[in-house]
$ cat input17.cif   # mmCIF, C-alpha atoms
data_protein
loop_
_atom_site.label_atom_id
_atom_site.label_comp_id
_atom_site.auth_asym_id
_atom_site.auth_seq_id
_atom_site.Cartn_x
_atom_site.Cartn_y
_atom_site.Cartn_z
CA MET A 2 -9.39 -49.23 14.44
CA ALA A 3 -13.11 -48.58 14.57
CA ARG A 4 -13.00 -48.75 18.37
CA ASP A 5 -9.84 -46.62 18.61
CA ARG A 6 -11.34 -43.28 17.67
CA ARG A 7 -8.10 -41.36 18.33
CA THR A 8 -6.18 -43.39 15.76
CA LEU A 9 -9.07 -43.15 13.30
CA LEU A 10 -9.16 -39.38 13.70
CA ILE A 11 -5.41 -39.10 13.13
CA LEU A 12 -5.50 -41.28 10.01
CA LEU A 13 -8.41 -39.40 8.45
CA PHE A 14 -8.09 -35.84 9.71
CA VAL A 15 -4.36 -35.12 9.87
CA PRO A 16 -3.57 -35.94 6.20
CA ALA A 17 -6.47 -33.76 5.05
CA LEU A 18 -5.33 -30.94 7.35
CA PHE A 19 -1.77 -31.15 6.02
CA LEU A 20 -3.00 -31.14 2.44
CA LEU A 21 -5.11 -28.01 2.98
CA LEU A 22 -2.47 -26.18 4.97
CA TYR A 23 0.48 -27.03 2.75
CA GLY A 24 -1.51 -26.65 -0.44
CA TYR A 25 -2.64 -23.11 0.36
CA ALA A 26 0.21 -21.80 2.52
CA LEU A 27 3.29 -23.22 0.77
CA SER A 28 3.82 -21.00 -2.21
CA PHE A 29 6.84 -19.12 -3.45
CA ASP A 30 4.63 -16.81 -5.50
CA VAL A 31 4.80 -13.23 -4.29
CA ARG A 32 1.49 -11.39 -4.47
CA ARG A 33 -0.29 -8.55 -2.69
CA VAL A 34 3.01 -6.72 -2.22
CA ARG A 35 2.41 -3.53 -0.23
CA LEU A 36 3.32 -0.59 -2.46
CA ALA A 37 3.86 3.04 -1.47
CA VAL A 38 4.06 5.73 -4.15
CA GLU A 39 5.73 9.11 -3.96
CA ASP A 40 4.47 10.90 -7.07
CA ARG A 41 6.34 14.17 -7.33
CA ASP A 42 5.21 14.77 -10.90
CA ARG A 43 1.42 14.33 -10.42
CA SER A 44 0.81 13.94 -14.14
CA ARG A 45 -1.30 11.65 -16.26
CA GLU A 46 1.80 9.63 -17.20
CA SER A 47 2.85 9.15 -13.58
CA ARG A 48 -0.65 8.02 -12.64
CA GLU A 49 -0.56 5.61 -15.56
CA LEU A 50 2.66 4.09 -14.20
CA THR A 51 1.16 3.71 -10.71
CA ALA A 52 -1.97 2.12 -12.17
CA ALA A 53 0.19 -0.37 -14.09
CA PHE A 54 1.71 -1.56 -10.81
CA VAL A 55 -1.66 -1.95 -9.09
CA GLU A 56 -3.42 -3.55 -12.06
CA SER A 57 -0.67 -6.12 -12.49
CA GLY A 58 -2.12 -8.13 -9.60
CA TYR A 59 1.21 -8.31 -7.79
CA PHE A 60 1.00 -5.01 -5.91
CA VAL A 61 -1.58 -3.31 -3.71
CA LEU A 62 -1.39 0.41 -3.06
CA ALA A 63 -0.82 0.72 0.68
CA LYS A 64 0.28 4.34 1.04
CA VAL A 65 0.63 7.59 -0.87
CA VAL A 66 3.81 9.29 0.30
CA ARG A 67 3.52 13.02 0.90
CA ALA A 68 7.12 13.68 1.99
CA PRO A 69 10.41 11.79 1.43
CA GLU A 70 10.91 11.58 5.23
CA GLU A 71 8.05 9.06 5.42
CA ILE A 72 9.84 6.43 3.32
CA PRO A 73 12.25 5.03 5.98
CA ARG A 74 9.41 4.67 8.48
CA LEU A 75 7.21 2.83 5.95
CA LEU A 76 9.96 0.32 5.16
CA ASP A 77 11.01 -0.04 8.81
CA THR A 78 7.50 -0.84 10.04
CA GLY A 79 6.65 -3.07 7.09
CA GLU A 80 3.71 -0.86 6.11
CA ALA A 81 5.24 -0.91 2.63
CA LEU A 82 7.58 -3.42 1.04
CA VAL A 83 8.21 -1.35 -2.08
CA VAL A 84 8.30 2.41 -2.63
CA LEU A 85 7.92 3.81 -6.16
CA VAL A 86 9.38 7.32 -6.51
CA VAL A 87 8.37 9.28 -9.61
CA PRO A 88 10.48 12.46 -9.94
CA GLU A 89 9.33 15.87 -11.10
CA GLY A 90 9.43 16.36 -14.88
CA PHE A 91 8.64 12.71 -15.58
CA ALA A 92 5.85 13.50 -18.07
CA ARG A 93 7.81 16.32 -19.71
CA ARG A 94 10.77 14.04 -20.40
CA LEU A 95 8.49 11.44 -21.94
CA GLN A 96 6.89 14.03 -24.20
CA GLU A 97 10.34 15.29 -25.26
CA GLY A 98 11.48 11.76 -26.02
CA SER A 99 14.16 11.86 -23.33
CA PRO A 100 14.80 8.99 -20.86
CA ALA A 101 12.63 9.37 -17.76
CA GLY A 102 13.93 7.62 -14.68
CA VAL A 103 11.95 6.34 -11.70
CA GLN A 104 13.32 4.93 -8.46
CA ILE A 105 12.18 1.69 -6.86
CA LEU A 106 13.11 1.17 -3.20
CA VAL A 107 12.72 -2.41 -1.92
CA ASP A 108 12.91 -3.86 1.59
CA GLY A 109 15.61 -6.51 1.25
CA THR A 110 15.25 -8.27 4.61
CA ASN A 111 13.60 -11.17 2.75
CA ALA A 112 16.07 -11.77 -0.06
CA ASN A 113 13.90 -14.11 -2.13
CA THR A 114 10.88 -11.82 -1.97
CA ALA A 115 12.99 -8.74 -2.73
CA ALA A 116 14.56 -10.33 -5.81
CA THR A 117 11.14 -11.38 -7.10
CA VAL A 118 9.67 -7.95 -6.44
CA VAL A 119 12.52 -6.23 -8.30
CA ASN A 120 11.87 -8.46 -11.31
CA TYR A 121 8.13 -7.70 -11.16
CA ALA A 122 8.79 -3.97 -11.00
CA LEU A 123 11.28 -3.96 -13.87
CA SER A 124 8.87 -5.98 -16.01
CA ILE A 125 6.03 -3.52 -15.34
CA VAL A 126 8.21 -0.51 -16.08
CA ARG A 127 9.36 -2.18 -19.28
CA SER A 128 5.78 -2.80 -20.42
CA VAL A 129 4.80 0.82 -19.70
CA SER A 130 7.87 2.01 -21.57
CA GLU A 131 6.92 -0.02 -24.64
CA ARG A 132 3.58 1.77 -24.82
CA HIS A 133 5.32 5.10 -25.23
CA ARG A 134 8.12 4.07 -27.58
CA PRO A 135 7.84 0.45 -28.78
CA ALA A 136 10.44 0.68 -31.57
CA ALA A 137 13.26 2.56 -29.86
CA ALA A 138 15.19 2.67 -26.63
CA PRO A 139 12.89 2.52 -23.59
CA PRO A 140 11.99 6.04 -22.41
CA VAL A 141 11.13 4.91 -18.86
CA GLN A 142 14.13 3.65 -16.91
CA ALA A 143 13.83 2.06 -13.47
CA GLU A 144 16.57 2.38 -10.88
CA PRO A 145 16.04 -0.26 -8.17
CA ARG A 146 17.61 0.15 -4.73
CA VAL A 147 17.48 -2.67 -2.16
CA TRP A 148 17.62 -1.50 1.44
CA TYR A 149 18.99 -3.40 4.48
CA ASN A 150 20.33 -6.29 2.38
CA PRO A 151 21.66 -4.82 -0.87
CA GLU A 152 23.51 -8.00 -1.82
CA LEU A 153 20.30 -10.04 -1.38
CA ARG A 154 22.10 -12.65 0.71
CA SER A 155 19.66 -15.41 1.65
CA THR A 156 21.55 -16.14 4.89
CA ILE A 157 20.71 -12.70 6.25
CA PHE A 158 16.96 -13.34 6.20
CA LEU A 159 17.11 -17.09 6.94
CA VAL A 160 19.00 -16.83 10.25
CA PRO A 161 16.23 -14.94 12.17
CA GLY A 162 13.73 -17.54 11.00
CA LEU A 163 16.05 -20.35 12.02
CA VAL A 164 16.37 -18.84 15.51
CA ALA A 165 12.58 -18.89 15.83
CA TYR A 166 12.28 -22.42 14.45
CA ILE A 167 15.06 -23.96 16.56
CA MET A 168 14.10 -22.25 19.81
CA MET A 169 10.36 -22.86 19.42
CA LEU A 170 10.89 -26.55 18.78
CA THR A 171 13.37 -27.13 21.60
CA ALA A 172 11.53 -24.99 24.18
CA VAL A 173 8.10 -26.52 23.57
CA VAL A 174 9.37 -30.09 23.56
CA SER A 175 11.51 -29.65 26.68
CA THR A 176 8.71 -28.31 28.87
CA ALA A 177 6.09 -30.60 27.34
CA LEU A 178 8.01 -33.59 28.66
CA SER A 179 8.64 -32.16 32.13
CA ILE A 180 5.18 -32.52 33.75
CA VAL A 181 4.37 -35.74 31.86
CA ARG A 182 7.56 -37.24 33.24
CA GLU A 183 6.35 -36.51 36.76
CA LYS A 184 2.96 -38.02 35.93
CA GLU A 185 4.59 -41.26 34.83
CA LYS A 186 6.86 -41.40 37.90
CA GLY A 187 4.05 -40.54 40.32
CA THR A 188 5.85 -37.51 41.77
CA LEU A 189 3.13 -35.13 40.55
CA GLU A 190 0.81 -36.41 43.30
CA GLN A 191 3.40 -35.44 45.93
CA ILE A 192 3.67 -31.95 44.43
CA ARG A 193 -0.11 -31.52 44.57
CA MET A 194 -0.04 -32.27 48.30
CA ALA A 195 2.74 -29.74 48.90
CA PRO A 196 1.84 -26.19 50.05
CA ILE A 197 2.58 -24.58 46.68
CA GLY A 198 0.24 -22.78 44.30
CA THR A 199 -0.20 -23.41 40.62
CA ALA A 200 1.47 -20.16 39.52
CA PRO A 201 4.68 -20.69 41.56
CA TYR A 202 4.82 -24.26 40.30
CA ILE A 203 4.61 -23.11 36.65
CA VAL A 204 7.25 -20.43 37.24
CA GLY A 205 9.53 -22.94 38.94
CA LYS A 206 9.11 -25.38 36.08
CA SER A 207 9.69 -22.77 33.37
CA LEU A 208 12.47 -20.62 34.81
CA PRO A 209 15.38 -23.08 34.40
CA TYR A 210 14.36 -23.84 30.82
CA LEU A 211 13.94 -20.11 30.16
CA VAL A 212 17.48 -19.37 31.30
CA LEU A 213 18.97 -22.22 29.25
CA SER A 214 16.90 -21.39 26.15
CA PHE A 215 17.78 -17.70 26.42
CA ALA A 216 21.48 -18.53 26.58
CA ALA A 217 21.14 -20.86 23.59
CA ALA A 218 19.29 -18.23 21.54
CA LEU A 219 21.94 -15.60 22.28
CA LEU A 220 24.62 -18.11 21.33
CA ILE A 221 22.92 -18.73 17.98
CA VAL A 222 22.82 -14.99 17.26
CA LEU A 223 26.48 -14.51 18.22
CA VAL A 224 27.63 -17.50 16.17
CA SER A 225 25.62 -16.22 13.19
CA MET A 226 27.28 -12.83 13.53
CA ALA A 227 30.71 -14.46 13.59
CA LEU A 228 30.21 -17.06 10.83
CA PHE A 229 27.60 -15.53 8.52
CA ASP A 230 28.26 -11.78 9.02
CA LEU A 231 24.78 -11.28 10.42
CA PRO A 232 24.50 -7.56 11.25
CA MET A 233 23.33 -6.23 14.59
CA ARG A 234 21.96 -2.74 13.95
CA GLY A 235 19.54 -2.55 16.88
CA SER A 236 19.62 -2.56 20.67
CA TRP A 237 20.87 -5.53 22.67
CA ALA A 238 18.37 -4.66 25.40
CA LEU A 239 15.49 -4.90 22.92
CA LEU A 240 16.90 -8.16 21.60
CA SER A 241 16.96 -9.58 25.13
CA ALA A 242 13.36 -8.52 25.75
CA LEU A 243 12.26 -9.98 22.43
CA LEU A 244 13.95 -13.32 23.08
CA ALA A 245 12.61 -13.52 26.64
CA LEU A 246 8.98 -12.90 25.59
CA PHE A 247 9.13 -15.35 22.70
CA LEU A 248 10.71 -18.08 24.83
CA ALA A 249 8.24 -17.49 27.66
CA GLY A 250 5.38 -18.11 25.23
CA ALA A 251 7.07 -21.21 23.81
CA LEU A 252 7.70 -22.67 27.27
CA ALA A 253 4.10 -21.94 28.33
CA THR A 254 2.90 -23.74 25.19
CA GLY A 255 4.96 -26.76 26.16
CA LEU A 256 3.48 -26.75 29.67
CA PHE A 257 -0.03 -26.55 28.24
CA VAL A 258 0.68 -29.54 26.00
CA SER A 259 2.06 -31.48 28.95
CA THR A 260 -1.16 -31.00 30.91
CA MET A 261 -3.15 -32.75 28.16
CA ALA A 262 -0.79 -35.67 27.48
CA GLU A 263 -0.59 -38.82 29.58
CA SER A 264 2.71 -40.18 28.25
CA GLN A 265 6.00 -38.73 27.12
CA GLN A 266 5.57 -40.24 23.67
CA VAL A 267 2.26 -38.45 23.12
CA ALA A 268 3.61 -35.23 24.61
CA PHE A 269 6.61 -35.30 22.28
CA GLN A 270 4.48 -35.89 19.19
CA VAL A 271 1.98 -33.16 20.02
CA ALA A 272 4.69 -30.69 21.03
CA ALA A 273 6.67 -31.31 17.85
CA LEU A 274 3.54 -30.86 15.74
CA VAL A 275 2.48 -27.67 17.52
CA ALA A 276 5.97 -26.15 17.33
CA TYR A 277 7.14 -27.39 13.94
CA LEU A 278 4.22 -26.84 11.59
CA PRO A 279 3.11 -23.28 12.47
CA THR A 280 6.66 -21.94 12.87
CA LEU A 281 7.83 -23.31 9.54
CA VAL A 282 4.76 -22.62 7.43
CA LEU A 283 2.76 -19.78 9.02
CA SER A 284 5.40 -17.42 10.39
CA GLY A 285 6.66 -15.81 7.20
CA PHE A 286 9.99 -17.56 7.79
CA ILE A 287 10.13 -18.94 4.23
CA PHE A 288 6.74 -18.42 2.61
CA PRO A 289 5.38 -14.84 2.38
CA ILE A 290 2.23 -14.38 4.45
CA ALA A 291 0.80 -11.77 2.09
CA SER A 292 0.58 -14.39 -0.68
CA MET A 293 -1.53 -16.80 1.41
CA PRO A 294 -5.33 -16.98 1.16
CA ALA A 295 -7.29 -14.82 3.61
CA PRO A 296 -8.33 -17.68 5.99
CA VAL A 297 -4.71 -18.86 6.29
CA ARG A 298 -3.51 -15.27 6.82
CA LEU A 299 -5.98 -14.95 9.70
CA LEU A 300 -4.60 -18.16 11.20
CA THR A 301 -1.07 -16.69 11.25
CA TYR A 302 -2.12 -14.04 13.79
CA ILE A 303 -2.14 -16.66 16.57
CA VAL A 304 1.35 -17.94 15.66
CA PRO A 305 3.94 -16.27 17.91
CA ALA A 306 6.76 -16.90 15.45
CA ARG A 307 5.06 -14.51 13.01
CA TYR A 308 5.70 -11.58 15.34
CA PHE A 309 9.08 -12.83 16.49
CA VAL A 310 10.56 -13.33 13.00
CA ALA A 311 9.35 -9.92 11.78
CA ALA A 312 10.64 -8.18 14.92
CA LEU A 313 13.98 -9.99 14.91
CA ARG A 314 14.60 -9.14 11.26
CA GLY A 315 13.67 -5.53 11.92
CA LEU A 316 15.94 -5.35 14.95
CA LEU A 317 18.99 -7.04 13.42
CA LEU A 318 18.79 -5.79 9.84
CA LYS A 319 16.99 -2.45 10.09
CA GLY A 320 18.01 -1.28 13.55
CA ALA A 321 14.33 -0.78 14.44
CA GLY A 322 13.59 0.83 17.78
CA LEU A 323 10.93 0.32 20.41
CA GLU A 324 8.38 2.46 18.55
CA VAL A 325 8.52 -0.02 15.65
CA LEU A 326 8.81 -3.24 17.69
CA ALA A 327 6.19 -2.37 20.32
CA PRO A 328 3.25 -4.11 18.52
CA SER A 329 5.25 -7.34 18.12
CA LEU A 330 6.45 -7.25 21.74
CA ALA A 331 2.89 -6.67 22.93
CA ALA A 332 1.58 -9.58 20.83
CA LEU A 333 4.24 -11.92 22.23
CA ALA A 334 3.44 -10.79 25.79
CA VAL A 335 -0.27 -11.47 25.23
CA TYR A 336 0.46 -14.91 23.80
CA ALA A 337 2.79 -15.86 26.68
CA THR A 338 0.23 -14.68 29.26
CA ALA A 339 -2.63 -16.54 27.56
CA MET A 340 -0.74 -19.82 27.25
CA GLY A 341 0.51 -19.55 30.84
CA ALA A 342 -3.06 -18.97 32.04
CA LEU A 343 -4.34 -21.97 30.05
CA ALA A 344 -1.61 -24.18 31.50
CA ALA A 345 -2.44 -22.99 35.03
CA VAL A 346 -6.16 -23.68 34.55
CA ARG A 347 -5.46 -27.18 33.25
CA LEU A 348 -3.12 -27.97 36.12
CA ARG A 349 -5.63 -26.68 38.67
CA ARG A 350 -8.37 -28.86 37.19
CA GLU A 351 -6.13 -31.91 37.32
CA ALA A 352 -5.31 -31.17 40.94
CA VAL A 353 -9.01 -30.93 41.83
CA ALA A 354 -9.79 -34.10 39.91
#

$ encode --input "input17.cif" --output "structure tokens"
Amino acid sequence: MARDRRTLLILLFVPALFLLLYGYALSFDVRRVRLAVEDRDRSRESRELTAAFVESGYFVLAKVVRAPEEIPRLLDTGEALVVLVVPEGFARRLQEGSPAGVQILVDGTNANTAATVVNYALSIVRSVSERHRPAAAPPVQAEPRVWYNPELRSTIFLVPGLVAYIMMLTAVVSTALSIVREKEKGTLEQIRMAPIGTAPYIVGKSLPYLVLSFAAALLIVLVSMALFDLPMRGSWALLSALLALFLAGALATGLFVSTMAESQQVAFQVAALVAYLPTLVLSGFIFPIASMPAPVRLLTYIVPARYFVAALRGLLLKGAGLEVLAPSLAALAVYATAMGALAAVRLRREAVA
């Protein structure tokens, strides 16, 4: 073992890495929830209610809403997860001893997070209400409204994450084994002698898998719509573009892995690790990214599934258009290009060597 440094590194480094990653990233606690406030009353009491949300430690004030027309855009883009609406006359009703209602709008695309956020909000409103009238009926009454998934069905938000997880794992593993298989059979040397460039070779290797993976991803979406009542509120053209960019990046990742491995066994292990761990833990599929520590949140920006899951949920559940999905599509395009370039560089170096 002392001579086999690779095994020693795996035995010592990988468990510590898993402990750090799982220990910090895997948490069902919901914190740093992005809050937008539309304060139509602009009174001391309304500011006190807003401050109670921020000081609770669960919410961060992300936006002050100037007009009601801004609210759908904030929830569609994810700039805010919760919108607190304080109506006019809020302070006057409190002073008169009358019930004063506030509205809480919640993005329900993530059912678990939405349910937790609603409970947080109701608890905060209840505590503020007790300050004004501790011995009688609560003067402040919250009216929560969950958008996009009013029934808080967990299947609705799990299916987009499952699409990312299944397709990332299968696409990376399938292409990771393709070049290594040719290395083991000796056919890669014949390809190097053929009059074909690195880029056409990568395209030729990826295109069949891209077509098959794209068909499989569409099949998953259609089956989910038929069996689980998954809604489709967006554009099929945007869905096709989103799937194609995500799968292109996944296939390029598999090719990059295959250029570093010398056997199919090693390629499979590395591909499964690269595809499985980030997609499950760091994509926002199950565990909310906002609740992770800052270093782990920075790490999620290089995980393509982060952009894919958010965009797919927005497309299917919110009916988001190109103006909302453009940043995610651009990030996926950059990732696919970068991984394809890395795979091409590695293949070119092997050819020269």

$ resolve_selection --input "input17.cif" --expression "the PyMOL selection byres ((chain A and resi 72) around 12)" --output "PyMOL selection string"
chain A and resi 36-39+64-71+73-86+105-108+148

$ residues_around --input "input17.cif" --residues "Thr176 in chain A" --least-positions-apart "3" --cutoff "7 Å" --atoms "all atoms listed in the file" --output "tab-separated table (two decimals) with C-alpha atoms, in the coordinates of the input"
chain	number	residue	atom	x	y	z
A	172	ALA	CA	11.53	-24.99	24.18
A	173	VAL	CA	8.10	-26.52	23.57
A	179	SER	CA	8.64	-32.16	32.13
A	252	LEU	CA	7.70	-22.67	27.27
A	255	GLY	CA	4.96	-26.76	26.16
A	256	LEU	CA	3.48	-26.75	29.67

$ residues_around --input "input17.cif" --residues "range 237-250 of chain A" --least-positions-apart "5" --cutoff "6 Å" --atoms "all atoms listed in the file" --output "ChimeraX atom specification"
/A:333-334,337

$ residues_around --input "input17.cif" --residues "range 121-129 of chain A" --least-positions-apart "2" --cutoff "8 Å" --atoms "all atoms listed in the file" --output "PDB file with C-alpha atoms, in the coordinates of the input"
ATOM      1  CA  LEU A  50       2.660   4.090 -14.200  1.00  0.00           C
ATOM      2  CA  ALA A  53       0.190  -0.370 -14.090  1.00  0.00           C
ATOM      3  CA  PHE A  54       1.710  -1.560 -10.810  1.00  0.00           C
ATOM      4  CA  SER A  57      -0.670  -6.120 -12.490  1.00  0.00           C
ATOM      5  CA  TYR A  59       1.210  -8.310  -7.790  1.00  0.00           C
ATOM      6  CA  ILE A 105      12.180   1.690  -6.860  1.00  0.00           C
ATOM      7  CA  THR A 117      11.140 -11.380  -7.100  1.00  0.00           C
ATOM      8  CA  VAL A 118       9.670  -7.950  -6.440  1.00  0.00           C
ATOM      9  CA  VAL A 119      12.520  -6.230  -8.300  1.00  0.00           C
ATOM     10  CA  GLU A 131       6.920  -0.020 -24.640  1.00  0.00           C
ATOM     11  CA  ARG A 132       3.580   1.770 -24.820  1.00  0.00           C
ATOM     12  CA  HIS A 133       5.320   5.100 -25.230  1.00  0.00           C
ATOM     13  CA  PRO A 139      12.890   2.520 -23.590  1.00  0.00           C
ATOM     14  CA  VAL A 141      11.130   4.910 -18.860  1.00  0.00           C
ATOM     15  CA  GLN A 142      14.130   3.650 -16.910  1.00  0.00           C
ATOM     16  CA  ALA A 143      13.830   2.060 -13.470  1.00  0.00           C
TER      17      ALA A 143
END

$ resolve_selection --input "input17.cif" --expression "the PyMOL selection byres ((chain A and resi 286-291) around 6)" --output "PyMOL selection string"
chain A and resi 33+162+284-285+292-293

$ resolve_selection --input "input17.cif" --expression "the PyMOL selection byres ((chain A and resi 273) around 12)" --output "JSON, numbers by chain"
{"A": [166, 167, 168, 169, 170, 171, 172, 173, 174, 175, 176, 177, 178, 251, 254, 255, 258, 265, 266, 267, 268, 269, 270, 271, 272, 274, 275, 276, 277, 278, 279, 280, 281]}

$ atom_distance --input "input17.cif" --atom1 "CA of Ser47 in chain A" --atom2 "CA of Arg35 in chain A"
18.4 Å

$ closest_residue --input "input17.cif" --among "A:Arg182, A:Arg347, A:Arg32, A:Arg314" --to "Ala112 in chain A" --atoms "all atoms listed in the file"
A:Arg314
